[in-house]
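A short worksheet on the structure shown next.
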Amino acid sequence: MQTPRIPIWLGGSSQRKGPVRRAARCDGVLPLRVPTSTGGRHLTAAEVRHLRQAIESQRTERGPFDVAIGGLERGPDREEERAHIASVAEAGATWWMEGLPAANGAIMRAALECGPPRVD
């Protein structure tokens, strides 16, 4: 095996025990919420904190562990978005994944021109 090896992240529902248990054996997790009738939403800081605690209680290795949050399109309120990113970072998220509609070049260009939603 390659040393050091590439990190392995597991994607899956943060609401189910199986994916959380499997994620604990990996280097990180990309937790997904099961969509509701109102659609998808980002995990809250409380949900990130709970997920991190659940995974840490099952890990056998004590190396770094990433929690990548996001994946939905940007909201219209940049300040609200920054506050949310800061709150999930404080709760233990280590990466913010931003979703962009691949079929809409104008929206993609506008998001790139805005730059990342910095919280520092």
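By order of appearance in the structure tokens: chains A, B, ..., then residues from 1 within every chain, and ligands from 1 in the order shown.
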Determine which residues of chain A receive a DSSP assignment of strand (DSSP E or B), computed from the backbone, and state them as number ranges by chain. A: 9-13, 28-32, 36, 39, 66-73, 95-99
Could you list, as a count of residues only, every residue within 12 Å of Ile6 in chain A, counting only C-alpha atoms and ignoring same-chain residues fewer than 2 positions away? 9
Excluding Glu90 in chain A and any residue of its chain fewer than 3 positions from it, enumerate the residues within 9 Å of it, using only C-alpha atoms, and give them as a ChimeraX atom specification. /A:45,49,85-87,93
Any idea what's packed within 10 Å of range 113-118 of chain A, counting only C-alpha atoms, ignoring anything in its chain fewer than 4 positions away? Could you give it as a PDB file with C-alpha atoms, in the first residue's frame?
ATOM      1  CA  ARG A  74     -25.243  29.254  -2.339  1.00  0.00           C
ATOM      2  CA  ARG A  78     -23.936  35.960   2.070  1.00  0.00           C
ATOM      3  CA  GLU A  79     -23.751  37.086   5.713  1.00  0.00           C
ATOM      4  CA  GLU A  81     -24.078  31.867   4.811  1.00  0.00           C
ATOM      5  CA  ARG A  82     -20.832  33.032   6.451  1.00  0.00           C
ATOM      6  CA  ALA A  83     -22.410  32.760   9.908  1.00  0.00           C
ATOM      7  CA  ILE A  85     -20.101  28.181   7.881  1.00  0.00           C
ATOM      8  CA  ALA A  86     -18.479  29.674  10.999  1.00  0.00           C
ATOM      9  CA  TRP A  96     -16.901  23.453   3.228  1.00  0.00           C
ATOM     10  CA  GLU A  98     -19.930  24.341  -2.328  1.00  0.00           C
ATOM     11  CA  ILE A 107     -24.368  31.219 -12.109  1.00  0.00           C
ATOM     12  CA  MET A 108     -21.051  29.383 -11.985  1.00  0.00           C
ATOM     13  CA  ARG A 109     -19.157  32.466 -13.231  1.00  0.00           C
TER      14      ARG A 109
END
Alpha helix (DSSP H) call set, DSSP backbone run, chain A, as number ranges by chain: A: 17-23, 45-56, 78-90, 105-114
Can you tell me, as number ranges by chain, what residues are no more than 10 Å from Thr94 in chain A when counting only C-alpha atoms, ignoring any on the same chain fewer than 2 positions away? A: 28, 65-69, 88-92, 96
Using 8 Å as the limit and counting only C-alpha atoms, can you tabulate each residue of range 39-103 of chain A that touches range 15-21 of chain A, with its shortest atom-to-atom distance in Å and the two atoms involved, as a Markdown table?
| residue | atom | partner | partner_atom | distance |
| --- | --- | --- | --- | --- |
| A:Leu51 | CA | A:Val20 | CA | 7.7 |
| A:Ala54 | CA | A:Val20 | CA | 7.4 |
| A:Ile55 | CA | A:Val20 | CA | 6.3 |
| A:Gln58 | CA | A:Arg21 | CA | 6.9 |
Using only C-alpha atoms, which of A:Glu61, A:Glu56, A:Glu73, A:Glu80 sits nearest Leu100 in chain A?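 Residue with the minimum atom-to-atom distance to Leu100 in chain A: A:Glu73.
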